[in-house]
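Everything below belongs to input-v7.cif, which stores mmCIF, C-alpha atoms and all ligand atoms.
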```
data_structure
loop_
_atom_site.label_atom_id
_atom_site.label_comp_id
_atom_site.auth_asym_id
_atom_site.auth_seq_id
_atom_site.Cartn_x
_atom_site.Cartn_y
_atom_site.Cartn_z
CA MET A 18 109.25 78.55 325.43
CA LYS A 19 108.09 81.32 327.78
CA SER A 20 104.85 83.15 327.02
CA SER A 21 106.74 86.40 326.30
CA GLU A 22 108.87 84.56 323.72
CA LEU A 23 105.78 83.05 322.12
CA LEU A 24 104.17 86.50 321.97
CA ALA A 25 107.29 87.92 320.31
CA LYS A 26 107.08 85.08 317.78
CA ILE A 27 103.44 85.92 317.05
CA LYS A 28 104.30 89.58 316.50
CA LEU A 29 107.27 88.72 314.30
CA HIS A 30 105.12 86.54 312.07
CA GLY A 31 102.30 89.10 311.94
CA LYS A 32 98.74 88.30 310.91
CA PRO A 33 97.39 86.72 314.09
CA PRO A 34 93.94 85.15 313.71
CA ARG A 35 91.31 87.89 313.70
CA HIS A 36 88.71 85.73 315.40
CA VAL A 37 89.47 82.96 317.91
CA ALA A 38 86.71 80.73 319.27
CA ILE A 39 87.19 78.40 322.24
CA ILE A 40 85.21 75.42 323.49
CA MET A 41 86.18 75.65 327.15
CA ASP A 42 85.98 72.01 328.25
CA GLY A 43 87.30 69.89 331.09
CA ASN A 44 86.27 71.79 334.23
CA GLY A 45 84.56 68.75 335.74
CA ARG A 46 87.50 66.43 335.14
CA TRP A 47 89.90 69.03 336.54
CA ALA A 48 87.91 69.08 339.78
CA GLU A 49 87.33 65.33 339.94
CA SER A 50 91.07 64.65 339.60
CA ARG A 51 91.54 66.75 342.75
CA ASN A 52 88.64 65.14 344.62
CA LEU A 53 86.78 68.42 344.48
CA PRO A 54 83.14 69.01 343.49
CA ARG A 55 82.65 69.74 339.78
CA THR A 56 81.64 73.30 340.60
CA ALA A 57 85.16 73.94 341.92
CA GLY A 58 86.33 73.25 338.37
CA HIS A 59 83.92 75.79 336.96
CA ARG A 60 85.15 78.35 339.49
CA ALA A 61 88.77 77.65 338.56
CA GLY A 62 87.80 77.99 334.89
CA MET A 63 86.92 81.66 335.47
CA GLU A 64 90.59 82.46 336.05
CA ALA A 65 91.47 80.90 332.69
CA VAL A 66 88.84 83.12 331.05
CA ARG A 67 90.59 86.19 332.43
CA GLU A 68 94.00 84.94 331.18
CA VAL A 69 92.68 84.28 327.71
CA ILE A 70 91.00 87.69 327.41
CA GLU A 71 94.23 89.46 328.40
CA GLY A 72 96.28 87.21 326.13
CA SER A 73 93.94 87.86 323.20
CA ILE A 74 94.39 91.61 323.53
CA GLU A 75 98.17 91.20 323.75
CA ALA A 76 98.21 89.01 320.64
CA GLY A 77 96.11 91.46 318.63
CA ILE A 78 93.01 89.27 318.26
CA GLU A 79 89.91 91.28 317.33
CA VAL A 80 87.15 88.86 318.30
CA LEU A 81 87.18 86.19 321.02
CA THR A 82 84.21 83.82 321.25
CA LEU A 83 83.91 81.63 324.33
CA PHE A 84 81.49 78.70 324.55
CA ALA A 85 80.35 78.94 328.17
CA PHE A 86 77.09 76.97 328.24
CA SER A 87 75.36 74.92 325.54
CA THR A 88 71.65 74.30 325.07
CA GLU A 89 72.44 70.65 325.80
CA ASN A 90 74.01 71.63 329.13
CA TRP A 91 70.46 72.35 330.42
CA GLN A 92 70.20 68.56 330.75
CA ARG A 93 72.81 68.49 333.53
CA PRO A 94 71.69 68.05 337.18
CA SER A 95 69.99 71.21 338.40
CA ILE A 96 72.53 71.65 341.18
CA GLU A 97 75.28 72.02 338.54
CA ILE A 98 73.17 74.31 336.34
CA ASN A 99 72.42 76.57 339.30
CA ALA A 100 76.07 76.68 340.29
CA LEU A 101 77.10 77.48 336.72
CA MET A 102 74.56 80.28 336.38
CA GLY A 103 75.58 81.64 339.78
CA LEU A 104 79.24 81.67 338.78
CA LEU A 105 78.43 83.27 335.48
CA ARG A 106 76.53 86.01 337.24
CA LEU A 107 79.37 86.49 339.70
CA TYR A 108 81.90 86.64 336.88
CA ILE A 109 79.86 89.20 334.98
CA GLN A 110 79.29 91.40 338.03
CA LYS A 111 82.93 91.17 339.12
CA GLU A 112 84.51 91.71 335.72
CA THR A 113 82.34 94.43 334.17
CA ASP A 114 84.51 97.32 335.36
CA ARG A 115 87.76 95.60 334.44
CA LEU A 116 86.49 94.68 330.98
CA ARG A 117 85.30 98.24 330.39
CA ARG A 118 88.69 99.60 331.47
CA MET A 119 90.37 97.11 329.14
CA ASP A 120 88.20 98.44 326.29
CA VAL A 121 86.46 95.09 325.73
CA GLU A 122 82.95 95.06 324.24
CA VAL A 123 80.95 92.14 325.60
CA HIS A 124 78.15 90.41 323.70
CA VAL A 125 76.18 87.48 325.05
CA LEU A 126 74.83 85.22 322.33
CA GLY A 127 72.33 82.42 322.83
CA ASP A 128 68.73 81.69 323.72
CA LEU A 129 68.36 83.40 327.07
CA SER A 130 64.70 82.43 327.55
CA ASN A 131 65.63 79.72 330.08
CA VAL A 132 68.11 81.89 331.93
CA ASP A 133 66.85 83.23 335.29
CA SER A 134 65.93 86.90 335.46
CA THR A 135 68.79 87.95 337.80
CA THR A 136 71.38 86.49 335.44
CA ARG A 137 69.59 88.04 332.45
CA LYS A 138 69.74 91.42 334.17
CA ALA A 139 73.50 90.99 334.80
CA ILE A 140 73.95 90.08 331.11
CA LYS A 141 72.02 93.16 330.03
CA ASP A 142 74.14 95.35 332.32
CA ILE A 143 77.49 94.05 331.09
CA THR A 144 76.49 94.45 327.46
CA THR A 145 75.27 98.01 327.88
CA GLU A 146 78.18 99.02 330.11
CA THR A 147 80.84 97.79 327.71
CA VAL A 148 79.33 99.15 324.50
CA GLY A 149 81.95 100.82 322.31
CA GLY A 150 84.94 98.81 323.64
CA SER A 151 87.34 98.78 320.71
CA LYS A 152 90.30 96.59 321.77
CA LEU A 153 88.42 93.29 321.69
CA ARG A 154 84.93 92.03 320.99
CA LEU A 155 84.14 89.25 323.44
CA ASN A 156 81.25 86.93 322.60
CA LEU A 157 80.08 84.81 325.51
CA MET A 158 77.98 81.98 324.10
CA ILE A 159 75.39 81.10 326.71
CA SER A 160 72.57 78.61 326.13
CA TYR A 161 73.87 78.40 322.58
CA SER A 162 73.27 75.70 319.97
CA GLY A 163 74.67 75.86 316.46
CA ARG A 164 71.70 74.00 315.01
CA LYS A 165 69.14 76.16 316.81
CA ASP A 166 70.96 79.25 315.56
CA LEU A 167 70.50 77.99 311.99
CA VAL A 168 66.87 76.99 312.50
CA GLU A 169 66.09 80.38 314.02
CA ALA A 170 67.76 82.15 311.07
CA CYS A 171 65.63 80.08 308.66
CA ARG A 172 62.51 80.93 310.64
CA LEU A 173 63.31 84.66 310.52
CA PHE A 174 63.81 84.44 306.76
CA ALA A 175 60.56 82.50 306.30
CA GLU A 176 58.71 85.16 308.25
CA GLU A 177 60.16 87.86 306.01
CA VAL A 178 59.01 85.86 302.97
CA SER A 179 55.53 85.50 304.40
CA LYS A 180 55.42 89.29 304.93
CA GLN A 181 56.68 89.69 301.35
CA GLU A 182 59.77 91.56 302.55
CA MET A 183 61.89 88.84 300.94
CA SER A 184 61.37 86.24 298.25
CA PRO A 185 62.73 82.66 298.36
CA GLU A 186 65.23 83.42 295.56
CA ASP A 187 66.87 86.05 297.79
CA LEU A 188 68.25 83.38 300.09
CA ASN A 189 72.02 82.99 299.87
CA GLU A 190 74.91 82.50 302.29
CA GLU A 191 75.15 86.18 303.13
CA ILE A 192 71.43 86.53 303.81
CA LEU A 193 71.49 83.49 306.10
CA SER A 194 74.66 84.67 307.91
CA GLU A 195 73.02 88.02 308.61
CA ARG A 196 70.28 86.23 310.53
CA LEU A 197 72.58 84.27 312.83
CA TYR A 198 73.63 85.43 316.30
CA THR A 199 77.04 86.18 314.80
CA ALA A 200 75.73 88.61 312.16
CA GLY A 201 78.40 91.08 311.12
CA ILE A 202 81.31 89.14 312.66
CA SER A 203 83.85 87.34 310.49
CA ASP A 204 84.00 83.55 310.87
CA PRO A 205 86.45 82.18 313.44
CA ASP A 206 89.93 81.70 312.00
CA LEU A 207 90.93 79.40 314.82
CA LEU A 208 88.83 77.11 317.03
CA ILE A 209 90.50 75.74 320.14
CA ARG A 210 88.95 72.91 322.14
CA THR A 211 90.49 71.98 325.44
CA SER A 212 90.43 68.63 327.30
CA GLY A 213 91.28 66.49 324.28
CA GLU A 214 87.75 65.91 322.97
CA PHE A 215 87.69 65.59 319.19
CA ARG A 216 84.20 66.95 318.53
CA VAL A 217 82.47 70.28 318.00
CA SER A 218 79.47 69.64 320.30
CA ASN A 219 77.00 71.75 318.29
CA PHE A 220 79.18 74.86 318.33
CA MET A 221 79.05 77.41 315.49
CA LEU A 222 78.30 74.76 312.88
CA TRP A 223 77.86 77.26 310.04
CA GLN A 224 80.67 79.60 311.01
CA ILE A 225 83.47 77.01 311.32
CA ALA A 226 83.24 75.78 307.71
CA TYR A 227 86.87 76.79 307.05
CA THR A 228 88.13 77.38 310.58
CA GLU A 229 91.49 75.91 311.61
CA LEU A 230 91.09 73.48 314.49
CA SER A 231 93.32 73.11 317.51
CA ILE A 232 92.52 70.34 319.98
CA VAL A 233 94.60 70.56 323.13
CA PHE A 234 94.71 68.11 326.01
CA THR A 235 94.96 70.76 328.72
CA LEU A 236 91.84 70.93 330.89
CA TRP A 237 90.21 74.37 330.75
CA PRO A 238 91.15 75.56 334.29
CA ASP A 239 94.82 74.87 333.45
CA PHE A 240 94.69 76.75 330.14
CA SER A 241 96.97 79.79 330.25
CA ARG A 242 97.97 82.59 327.88
CA LYS A 243 100.99 80.47 327.05
CA ASP A 244 98.65 77.77 325.68
CA LEU A 245 96.74 80.42 323.74
CA PHE A 246 99.95 81.84 322.31
CA SER A 247 101.25 78.44 321.26
CA ALA A 248 97.94 77.63 319.52
CA ILE A 249 98.27 80.96 317.66
CA CYS A 250 101.90 80.24 316.68
CA ASP A 251 100.80 76.86 315.37
CA TYR A 252 97.94 78.54 313.46
CA GLN A 253 100.36 80.99 311.84
CA LEU A 254 102.19 78.05 310.27
CA ARG A 255 99.05 76.56 308.74
CA ASP A 256 98.48 76.73 305.00
CA ARG A 257 94.86 77.85 304.62
CA ARG A 258 93.93 76.87 301.09
CA PHE A 259 90.13 77.27 301.11
CA GLY A 260 89.88 74.60 298.42
CA ARG A 261 92.59 76.09 296.24
CA ILE A 262 96.08 74.69 295.73
CA ALA A 263 99.19 75.71 297.69
CA GLY A 264 100.59 79.09 296.66
CA GLN A 265 97.38 80.39 295.05
CA ARG A 266 96.43 83.83 296.33
CA ILE A 267 93.41 83.87 298.63
CA PRO A 268 91.25 86.90 297.81
CA ARG A 269 90.34 88.18 301.30
C1 LIG B 301 83.12 72.72 330.54
O1 LIG B 301 83.52 71.77 331.45
C2 LIG B 301 82.11 73.69 331.07
C3 LIG B 301 80.75 73.47 330.56
C4 LIG B 301 80.42 72.62 329.64
C5 LIG B 301 79.70 74.29 331.10
P1 LIG B 301 82.69 70.44 331.74
O2 LIG B 301 81.74 70.72 332.85
O3 LIG B 301 82.06 69.93 330.49
O4 LIG B 301 83.82 69.47 332.23
P2 LIG B 301 84.03 67.94 331.87
O5 LIG B 301 83.98 67.83 330.37
O6 LIG B 301 82.90 67.20 332.51
O7 LIG B 301 85.36 67.60 332.42
C1 LIG B 302 80.72 71.76 325.24
O1 LIG B 302 81.18 70.99 326.29
C2 LIG B 302 79.96 72.95 325.75
C3 LIG B 302 80.76 73.95 326.43
C4 LIG B 302 82.05 73.97 326.56
C5 LIG B 302 80.01 75.05 326.97
P1 LIG B 302 80.38 69.70 326.81
O2 LIG B 302 81.20 69.12 327.89
O3 LIG B 302 79.00 70.07 327.12
O4 LIG B 302 80.37 68.78 325.50
P2 LIG B 302 80.26 67.21 325.36
O5 LIG B 302 79.04 66.78 326.12
O6 LIG B 302 81.50 66.62 325.92
O7 LIG B 302 80.16 66.97 323.88
MG MG B 303 82.69 68.66 329.04
#
```
Representation of the structure as structure tokens:
Amino acid sequence: MKSSELLAKIKLHGKPPRHVAIIMDGNGRWAESRNLPRTAGHRAGMEAVREVIEGSIEAGIEVLTLFAFSTENWQRPSIEINALMGLLRLYIQKETDRLRRMDVEVHVLGDLSNVDSTTRKAIKDITTETVGGSKLRLNLMISYSGRKDLVEACRLFAEEVSKQEMSPEDLNEEILSERLYTAGISDPDLLIRTSGEFRVSNFMLWQIAYTELSIVFTLWPDFSRKDLFSAICDYQLRDRRFGRIAGQRIPR
């Protein structure tokens, strides 16, 4: 099916996922299969990011969260880390105007303490320059770890307890959620992982409790809006029960 036909199908069904998260994986293998350096795969992956942002707006998605760099990725060879940070910076600088024109609000979530100051400056610029974008909220997860996010939220809460702004009995799911990087954003409805890896690699561990999963074999640089649309069509056929039985109304 063509991407326009898939999009028509999504619209006909209605109710696209509000929040789509993607573990963009397979850049290295894409490059290696072409006898290219791994960084060429990361560069090619940037084009897929653009496709997916445009496709998300067309499909009516409200929040798109892209896993761009994990805390664990700091363990890669420094030549690859430097290339990745350089590309990230380039992407941010190149795309800021386009994203603003497309009415996309960009947020960068993660522990930026290890990120070099030039990249941090670019991140600050794109977030301030796209504030108020109302077509799509784009979360770029950079130096992100699901476990660290949870630990940090617990630490924040503990500090509030020690200052007597909170008491231990106040802790509940909502209070914890409000202290995560994703505070105020609904949980992902759909999580896509490319490159056929069946694992979550420390991504949004709390937030994906009831997320629908879609593992695709396409390597990230080959991922197109057509792939996004078919994952959404597949999602629209899922029966999300949230622990209930089929046919029970979900109060949402
Ligand atoms: C995803 O592609 C990008 C990042 C993790 C930064 P990889 O670099 O992990 O590519 P593979 O998995 O080695 O093919
Ligand atoms: C997950 O991919 C992180 C990102 C896509 C940014 P990895 O390639 O780092 O994950 P593993 O090592 O295969 O689990
Ligand atoms: Mg990988």
Can you tell me which residues surround Asp120 of chain A at a distance of at most 6 Å, considering only C-alpha atoms, apart from same-chain residues fewer than 4 positions away, and format the answer as a ChimeraX atom specification?
/A:150-152
Residue subset to file, keeping C-alpha atoms, as a PDB file, in the frame of the given file:
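So the final result, stored in result-v2.pdb, reads:
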```pdb
ATOM      1  CA  GLY A 150      84.940  98.810 323.640  1.00  0.00           C
ATOM      2  CA  SER A 151      87.340  98.780 320.710  1.00  0.00           C
ATOM      3  CA  LYS A 152      90.300  96.590 321.770  1.00  0.00           C
TER       4      LYS A 152
END
```
Edge lengths and centre in Å to one decimal, as lines of an AutoDock Vina configuration file, of the axis-aligned box that encloses all listed atoms of segment 78-88 of chain A with 4 Å added on every side?
```
center_x = 82.3
center_y = 82.8
center_z = 322.8
size_x = 29.4
size_y = 25.0
size_z = 18.9
```
Using only C-alpha atoms and all ligand atoms, which of A:Ile109, A:Ala85, A:Leu153, A:Ala175 sits nearest ligand MG 303 (chain B)?
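Residue with the minimum atom-to-atom distance to ligand MG 303 (chain B): A:Ala85.
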Write out as JSON lines a residue-level contact list of chain A versus ligand LIG 302 (chain B) with cut-off 10 Å: for each qualifying residue the closest pair of atoms and the distance in Å to one decimal, counting all atoms listed in the file, rows sorted by chain and residue number upward.
```
{"residue": "A:Ile39", "atom": "CA", "partner": "B:LIG302", "partner_atom": "C4", "distance": 8.0}
{"residue": "A:Ile40", "atom": "CA", "partner": "B:LIG302", "partner_atom": "C4", "distance": 4.6}
{"residue": "A:Met41", "atom": "CA", "partner": "B:LIG302", "partner_atom": "C4", "distance": 4.5}
{"residue": "A:Asp42", "atom": "CA", "partner": "B:LIG302", "partner_atom": "C4", "distance": 4.7}
{"residue": "A:Gly43", "atom": "CA", "partner": "B:LIG302", "partner_atom": "O2", "distance": 6.9}
{"residue": "A:Asn44", "atom": "CA", "partner": "B:LIG302", "partner_atom": "O2", "distance": 8.5}
{"residue": "A:Gly45", "atom": "CA", "partner": "B:LIG302", "partner_atom": "O2", "distance": 8.5}
{"residue": "A:Arg46", "atom": "CA", "partner": "B:LIG302", "partner_atom": "O2", "distance": 10.0}
{"residue": "A:Leu83", "atom": "CA", "partner": "B:LIG302", "partner_atom": "C5", "distance": 8.1}
{"residue": "A:Phe84", "atom": "CA", "partner": "B:LIG302", "partner_atom": "C5", "distance": 4.6}
{"residue": "A:Ala85", "atom": "CA", "partner": "B:LIG302", "partner_atom": "C5", "distance": 4.1}
{"residue": "A:Phe86", "atom": "CA", "partner": "B:LIG302", "partner_atom": "C5", "distance": 3.7}
{"residue": "A:Ser87", "atom": "CA", "partner": "B:LIG302", "partner_atom": "C5", "distance": 4.9}
{"residue": "A:Thr88", "atom": "CA", "partner": "B:LIG302", "partner_atom": "C2", "distance": 8.4}
{"residue": "A:Glu89", "atom": "CA", "partner": "B:LIG302", "partner_atom": "O3", "distance": 6.7}
{"residue": "A:Asn90", "atom": "CA", "partner": "B:LIG302", "partner_atom": "O3", "distance": 5.6}
{"residue": "A:Trp91", "atom": "CA", "partner": "B:LIG302", "partner_atom": "O3", "distance": 9.4}
{"residue": "A:Gln92", "atom": "CA", "partner": "B:LIG302", "partner_atom": "O3", "distance": 9.6}
{"residue": "A:Arg93", "atom": "CA", "partner": "B:LIG302", "partner_atom": "O3", "distance": 9.0}
{"residue": "A:Leu157", "atom": "CA", "partner": "B:LIG302", "partner_atom": "C5", "distance": 9.9}
{"residue": "A:Met158", "atom": "CA", "partner": "B:LIG302", "partner_atom": "C5", "distance": 7.8}
{"residue": "A:Ile159", "atom": "CA", "partner": "B:LIG302", "partner_atom": "C5", "distance": 7.6}
{"residue": "A:Ser160", "atom": "CA", "partner": "B:LIG302", "partner_atom": "C5", "distance": 8.3}
{"residue": "A:Tyr161", "atom": "CA", "partner": "B:LIG302", "partner_atom": "C5", "distance": 8.3}
{"residue": "A:Ser162", "atom": "CA", "partner": "B:LIG302", "partner_atom": "C2", "distance": 9.3}
{"residue": "A:Arg210", "atom": "CA", "partner": "B:LIG302", "partner_atom": "C4", "distance": 8.3}
{"residue": "A:Thr211", "atom": "CA", "partner": "B:LIG302", "partner_atom": "C4", "distance": 8.7}
{"residue": "A:Ser212", "atom": "CA", "partner": "B:LIG302", "partner_atom": "O6", "distance": 9.3}
{"residue": "A:Gly213", "atom": "CA", "partner": "B:LIG302", "partner_atom": "O6", "distance": 9.9}
{"residue": "A:Glu214", "atom": "CA", "partner": "B:LIG302", "partner_atom": "O6", "distance": 6.9}
{"residue": "A:Phe215", "atom": "CA", "partner": "B:LIG302", "partner_atom": "O7", "distance": 9.0}
{"residue": "A:Arg216", "atom": "CA", "partner": "B:LIG302", "partner_atom": "O7", "distance": 6.7}
{"residue": "A:Val217", "atom": "CA", "partner": "B:LIG302", "partner_atom": "O7", "distance": 7.1}
{"residue": "A:Ser218", "atom": "CA", "partner": "B:LIG302", "partner_atom": "O7", "distance": 4.5}
{"residue": "A:Asn219", "atom": "CA", "partner": "B:LIG302", "partner_atom": "C1", "distance": 7.9}
{"residue": "A:Phe220", "atom": "CA", "partner": "B:LIG302", "partner_atom": "C2", "distance": 7.7}
{"residue": "A:Trp237", "atom": "CA", "partner": "B:LIG302", "partner_atom": "C4", "distance": 9.2}
```
Pick out the closest residue to Arg118 of chain A from this set: A:Thr147, A:Ile249, A:Ser203, A:Lys32. Count only C-alpha atoms.
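Looking only at the distances to Arg118 of chain A, the closest residue turns out to be A:Thr147.
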To one decimal place in Å, what is the distance between atom CA of Arg117 of chain A and atom CA of Ala139 of chain A?
14.5 Å
Best match for closeness to ligand LIG 301 (chain B) among A:Asp239, A:Glu49, A:Asp114, A:Glu190, counting all atoms listed in the file:
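For ligand LIG 301 (chain B), the nearest of the candidates is A:Glu49.
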For Gly260 of chain A, work out the shell of residues within 12 Å, counting only C-alpha atoms and skipping chain neighbours fewer than 6 positions away, then give it as a list in words.
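Contacts, in chain order: Ala226, Tyr227, Arg266 and Ile267 of chain A.
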Between atom CA of Arg164 of chain A and atom CA of Pro94 of chain A, what is the spacing in Å?
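Rounded to one decimal, the two atoms are 23.0 Å apart.
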One number please: atom CA of Leu230 of chain A to atom CA of His59 of chain A, in Å, one decimal.
23.7 Å
